[in-house]
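Engineer: For reference, the structure I am asking about is given below.
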Amino acid sequence: MNIASVIALIGGVALFLFGMQIMGDGLKKAAGNRLELVLWKLSGTPIKGVLLGTFVTAAVQSSSATSAMVVGFVNSSLMTVAQSIPIVMGANIGTSVTGWLLCLSLLGKSGGLLSLLSTSTISAVAAAVGIVWLMFSKNETKKNVGGILLGFAVLMYGMAAMSSAVAPLKESEAFRSLLTRFDNPLLGILVGILITSLLQSNSASVGILQALSVTGAVSYAAAFPMIMGMGIGASVPVLLSAVGASKNGKRTAIVYLLINVFGTLACTILFYGANAIFHFPFMSNDASIDMVGIAMMNTLYRIAAIIVLLPFIKYLERITNIFIKDSPAPDDGKVHNKSSYEIIHLEERFLENPVLALTQSREAVSLMANITEESLFQSFDLIGNYTEEAAEKIADAENAVDIYEDKLGTYLVHITGKELSHAQTLEVALYLHTVTDFERVSDHALNIMQAAQEIKQKNVKFSASAVEELRVLEDALRAIVRMTFEAFEKGDLRLAGKVEPLEDWIDVLCQTAKLNHVARLQTGVCTLQQGFVFNDLVGNFERVADHCSNIAVALVELHADSFDTHEYLNDMKSRQNSEYQQLYKEYSLKYAFLS
C-alpha cells in the first residue's frame with residue numbers, strides 16, 4: 001500500500017464522516033427538530049425508551065449525538081438518570097443501522113441490469129437530485145431532503161474511496177498477518193477502542209472495518225472483539241459532552257460507558273465460553289467476514305448486550321452514584337441563590353436546537369407563573385392573619401421568581417441570536433414580554449405581605465366597609481390572575497380576551513375604594529394610619545391587574561402577529577354592544593361594593 005493509497009484512504013474517511021454529518025443534519029431538519037422533542041416527551045417506560053433511542057439514533061446517524069442530547073436533558077432536570085438509561089441502550093442499537101446502509105455498496109456487482117443499482121449509480125442519482133433540490137427548490141422540505149440525499153451520496157463515495165484504497169492489501173501477507181493477531185479478544189477490543197476514540201464515531205469505525213473486509217483478510221474472530229471495543233471507544237465524545245454538566249448529567253454520560261463495558265464483558269464471557277465448548281466453525285482464522293457479516297454481527301451483538309443489561313437498569317444507576325457522589329454543593333455552580341422552590345436549569349446545549357430551547361423556556365416560564373400565583377394568593381391570606389412562616393415563604397418565592405427572570409432573560413436573548421422561524425421569533429417575543437410582568441406581580445405579592453406585616457405590628461383595624469372593599473378586590477384579583485395565568489399556560493386566546501374588561505372594572509373598584517376611604521377619613525370612621533396601609537394595598541391590587549392585562553394583551557397581539565397594544569385596547573373598548581361590554585357588565589355585577 002503506497003502513499004497515494006494512504007492519502008486516498010484518509011480522503012475516503014473524511015468524505016465518509018462528512019457525509020454522515022450532512023445526512024444526519026438533513027434528517028433532523030426534515031423532522032423539524034422534533035426528534036429530540038419526541039425523545040424527551042415519549043420516553044416513559046424502559047422498552048419505549050430503548051425503541052425511541054434506537055429510532056432517533058438511526059435518524060441522526062450517531063449514538064454519541066443521541067447520548068449527548070440525553071445528557072443535556074438530564075442536566076436541565078427534564079429527564080431523570082433512570083429515564084435516560086434505556087434511551088442510551090437504544091442508541092447503542094440504532095448506531096448499527098449505518099452498517100446496513102453501507103451494504104448498499106454491494107448492489108450491482110453481479111452485473112446485468114443490477115449494475116444500474118451499483119454504488120456509483122445510486123450515489124450519482126442521489127447527488128444530482130440532492131444538489132438540485134438543495135440549491136434551487138424554494139420548498140423547505142425538498143431542500144432538507146436534498147441535504148439528506150447529498151449526504152448519502154458523499155457517504156457512499158467515501159465508502160467507495162476507502163474500499164478502493166485498501167483493495168491492494170488483498171495481496172499483502174503482512175496485512176493479513178497483522179489482522180489475524182486481532183483474533184485475540186483483549187487485543188481486538190483495545191484496537192477497537194483506539195480507532196473509535198480517535199474518529200469519535202462508532203459508525204465510522206464500523207464503516208472502516210467494512211471497507212477492510214473487501215480484502216478478505218478480516219475474519220469473524222478478529223471482527224467481533226473489534227466491534228465490541230468500538231462500542232466502548234464511542235463513549236469518549238459522550239464523556240466529553242458532560243464536561244461542565246451537573247452531577248446527574250455526568251452520571252448519564254458514565255451510563256453510556258458502563259453499558260458498553262458491561263455489554264462487552266457479558267458477551268465476551270458468554271460467547272467465548274460457548275465457543276470453547278461448541279467450537280463455532282466461523283470463529284476460525286480461515287473464515288473471512290464480508291460487509292453484510294460485519295453489519296449483522298454489529299447489530300446482533302448490540303441487541304444481545306441490551307437484552308442482557310435491560311433488567312439491571314436500577315443497578316446501573318446505583319453504580320453511577322458510586323462514581324459521582326452527591327454533595328451539598330451546587331451541581332453546576334450556576335444557581336447560587338438558595339430557594340426551596342424548584343429552579344429549572346436552562347440547558348445551554350439546547351440553544352442550537354430552537355425547538356428544545358423554547359420548550360424548556362416555556363416550562364421555566366410556566367413554573368415561574370405558578371410560583372407567582374401561589375405567592376400572591378398567600379399574600380392575600382396574610383391580610384389580617386399574618387404569620388412569620390407564611391411571610392418567609394412569600395419572600396422565598398419572590399427570590400425564586402427573581403432568579404427565573406434573570407436566567408430566562410439571558411437565555412431568551414441567546415435564543416434570538418439563532419436562526420428562528422417566524423413562529424419561534426414570536427414565541428421568544430411573548431416570553432420576553434411576559435417574564436417581567438410575572439416578576440412584577442411577585443414583587444407586589446411581597447409588598448402586600450409587608451403591608452400585612454405592618455397591619456400586624458401596628459395593630460391596624462379597618463372599618464367594616466373597608467374590609468368589605470378589600471374582600472371584593474381580592475376576589476376580583478384572584479379571578480383575573482387565575483384567568484390570565486391559565487390563558488398563558490394553555491395559549492387560550494379566547495380566555496385572554498376576557499381579561500381586559502375585568503382589569504378595567506378592577507381599576508374602577510380601586511378608584512372607588514380610594515375615594516370611599518377619603519370619605520371615611522373625613523368623617524373620622526378611619527384614621528390616617530389606616531389610610532396609608534389601605535391605599536398601599538389598593539395600589540398593589542391595581543398594579544397586579546395592570547400586569548395581568550399586559551400578559552393577556554401580549555398573548556393576543558403576538559398570536560395575531562401585531563405589536564400595536566394601544567390600537568388593540570382602543571379597538572376592544574370602542575366596540576359597543578360587543579363581548580367586551582357584556583363581560584364588563586357581568587364583572588360589575590359580580591364584583592361590587594355593598595355601598
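Chain labels A, B, ... are given in the sequence in which chains occur in the C-alpha cells; within each chain residues are numbered consecutively from 1, and ligands are likewise numbered from 1 in the order shown.
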Based on DSSP run over this structure's backbone, return all residues of region 73-270 of chain A in alpha helix (DSSP H), as a PyMOL selection string.
Structural biologist: chain A and resi 73-75+81-94+97-102+119-136+140-166+173-180+185-199+202-212+220-233+235-241+247-270
Engineer: So that I can see what lies close to Ala223 (chain A), please list as a PDB file with N, CA and C atoms, in the first residue's frame the residues with an atom at most 8 Å from it, counting only C-alpha atoms and leaving out residues fewer than 2 positions away in the same chain.
Structural biologist:
ATOM      1  N   PHE A 182      -5.585  -9.833  15.766  1.00  0.00           N
ATOM      2  CA  PHE A 182      -6.714  -9.208  16.462  1.00  0.00           C
ATOM      3  C   PHE A 182      -7.766 -10.232  16.883  1.00  0.00           C
ATOM      4  N   ASP A 183      -7.524 -11.517  16.523  1.00  0.00           N
ATOM      5  CA  ASP A 183      -8.483 -12.514  16.983  1.00  0.00           C
ATOM      6  C   ASP A 183      -8.308 -12.783  18.475  1.00  0.00           C
ATOM      7  N   GLY A 188      -8.054  -7.235  20.252  1.00  0.00           N
ATOM      8  CA  GLY A 188      -9.089  -6.733  19.339  1.00  0.00           C
ATOM      9  C   GLY A 188      -9.932  -5.647  19.976  1.00  0.00           C
ATOM     10  N   LEU A 209     -14.032  -0.807   9.118  1.00  0.00           N
ATOM     11  CA  LEU A 209     -13.876  -2.258   9.213  1.00  0.00           C
ATOM     12  C   LEU A 209     -14.556  -2.954   8.035  1.00  0.00           C
ATOM     13  N   VAL A 218     -10.166  -9.928   6.833  1.00  0.00           N
ATOM     14  CA  VAL A 218     -10.818  -9.754   8.127  1.00  0.00           C
ATOM     15  C   VAL A 218     -11.627 -11.005   8.444  1.00  0.00           C
ATOM     16  N   SER A 219     -11.330 -11.632   9.574  1.00  0.00           N
ATOM     17  CA  SER A 219     -12.043 -12.841   9.985  1.00  0.00           C
ATOM     18  C   SER A 219     -13.103 -12.510  11.029  1.00  0.00           C
ATOM     19  N   TYR A 220     -14.034 -13.445  11.220  1.00  0.00           N
ATOM     20  CA  TYR A 220     -15.040 -13.286  12.276  1.00  0.00           C
ATOM     21  C   TYR A 220     -14.353 -13.150  13.633  1.00  0.00           C
ATOM     22  N   ALA A 221     -13.290 -13.953  13.834  1.00  0.00           N
ATOM     23  CA  ALA A 221     -12.586 -13.960  15.113  1.00  0.00           C
ATOM     24  C   ALA A 221     -11.952 -12.606  15.415  1.00  0.00           C
ATOM     25  N   PRO A 225     -14.250  -8.964  18.479  1.00  0.00           N
ATOM     26  CA  PRO A 225     -13.715  -8.147  19.574  1.00  0.00           C
ATOM     27  C   PRO A 225     -13.503  -6.690  19.179  1.00  0.00           C
ATOM     28  N   MET A 226     -13.176  -6.431  17.923  1.00  0.00           N
ATOM     29  CA  MET A 226     -13.004  -5.036  17.493  1.00  0.00           C
ATOM     30  C   MET A 226     -14.325  -4.286  17.559  1.00  0.00           C
ATOM     31  N   ILE A 227     -15.407  -4.949  17.156  1.00  0.00           N
ATOM     32  CA  ILE A 227     -16.731  -4.326  17.207  1.00  0.00           C
ATOM     33  C   ILE A 227     -17.109  -4.000  18.653  1.00  0.00           C
ATOM     34  N   ILE A 289     -14.932 -12.570   6.911  1.00  0.00           N
ATOM     35  CA  ILE A 289     -16.240 -11.935   7.059  1.00  0.00           C
ATOM     36  C   ILE A 289     -16.370 -10.836   6.019  1.00  0.00           C
ATOM     37  N   ILE A 294     -20.369  -8.220   8.896  1.00  0.00           N
ATOM     38  CA  ILE A 294     -19.997  -7.238   9.930  1.00  0.00           C
ATOM     39  C   ILE A 294     -21.233  -6.483  10.409  1.00  0.00           C
TER      40      ILE A 294
END
Engineer: Quick one: residues within 6 Å of Gly146 (chain A), only C-alpha atoms, excluding same-chain residues fewer than 5 positions away - as number ranges by chain?
Structural biologist: A: 130, 133-134
Engineer: Emit the selected residues as a PDB file, in the first residue's frame, including N, CA and C atoms.
Structural biologist:
ATOM      1  N   GLY A 130     -30.197  15.619  -5.101  1.00  0.00           N
ATOM      2  CA  GLY A 130     -29.974  16.357  -3.857  1.00  0.00           C
ATOM      3  C   GLY A 130     -29.498  17.770  -4.093  1.00  0.00           C
ATOM      4  N   TRP A 133     -32.357  20.025  -5.590  1.00  0.00           N
ATOM      5  CA  TRP A 133     -33.361  20.411  -4.591  1.00  0.00           C
ATOM      6  C   TRP A 133     -32.770  21.372  -3.565  1.00  0.00           C
ATOM      7  N   LEU A 134     -31.519  21.113  -3.178  1.00  0.00           N
ATOM      8  CA  LEU A 134     -30.905  21.940  -2.141  1.00  0.00           C
ATOM      9  C   LEU A 134     -30.656  23.362  -2.625  1.00  0.00           C
TER      10      LEU A 134
END
Engineer: Each residue of region 310-398 of chain A with at least one atom at most 12 Å from region 252-268 of chain A should appear once, together with its nearest atom pair and the corresponding distance in Å (one decimal); atoms considered: only C-alpha atoms; ordering: chain, then increasing residue number; output as JSON lines.
Structural biologist:
{"residue": "A:Leu310", "atom": "CA", "partner": "A:Ile259", "partner_atom": "CA", "distance": 9.7}
{"residue": "A:Phe312", "atom": "CA", "partner": "A:Ile259", "partner_atom": "CA", "distance": 10.3}
{"residue": "A:Ile313", "atom": "CA", "partner": "A:Ile259", "partner_atom": "CA", "distance": 9.7}
{"residue": "A:Lys314", "atom": "CA", "partner": "A:Val255", "partner_atom": "CA", "distance": 11.2}
{"residue": "A:Tyr315", "atom": "CA", "partner": "A:Val255", "partner_atom": "CA", "distance": 10.7}
{"residue": "A:Leu316", "atom": "CA", "partner": "A:Val255", "partner_atom": "CA", "distance": 7.0}
{"residue": "A:Glu317", "atom": "CA", "partner": "A:Val255", "partner_atom": "CA", "distance": 7.5}
{"residue": "A:Arg318", "atom": "CA", "partner": "A:Val255", "partner_atom": "CA", "distance": 10.3}
{"residue": "A:Ile319", "atom": "CA", "partner": "A:Val255", "partner_atom": "CA", "distance": 8.8}
{"residue": "A:Thr320", "atom": "CA", "partner": "A:Ile254", "partner_atom": "CA", "distance": 6.6}
{"residue": "A:Asn321", "atom": "CA", "partner": "A:Ile254", "partner_atom": "CA", "distance": 10.0}
{"residue": "A:Ile322", "atom": "CA", "partner": "A:Ile254", "partner_atom": "CA", "distance": 10.9}
{"residue": "A:Phe323", "atom": "CA", "partner": "A:Ile254", "partner_atom": "CA", "distance": 8.4}
{"residue": "A:Ile324", "atom": "CA", "partner": "A:Ile254", "partner_atom": "CA", "distance": 9.1}
Engineer: Residues near Ser197 (chain A), anyone? I mean within 7 Å using only C-alpha atoms, not counting same-chain ones fewer than 6 positions away, as a ChimeraX atom specification.
Structural biologist: /A:233-234,236
Engineer: Kindly give the distance, in Å, that separates CA of Val132 (chain A) and CA of Gly19 (chain A), rounded to a single decimal.
Structural biologist: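 About the pair CA of Val132 (chain A) and CA of Gly19 (chain A): they are 17.1 Å apart.
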Engineer: So which one's closest to Val145 (chain A), A:Gly24, A:Ile193, A:Met79, A:Ser203? Using only C-alpha atoms, please.
Structural biologist: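 The closest residue to Val145 (chain A) is A:Gly24.
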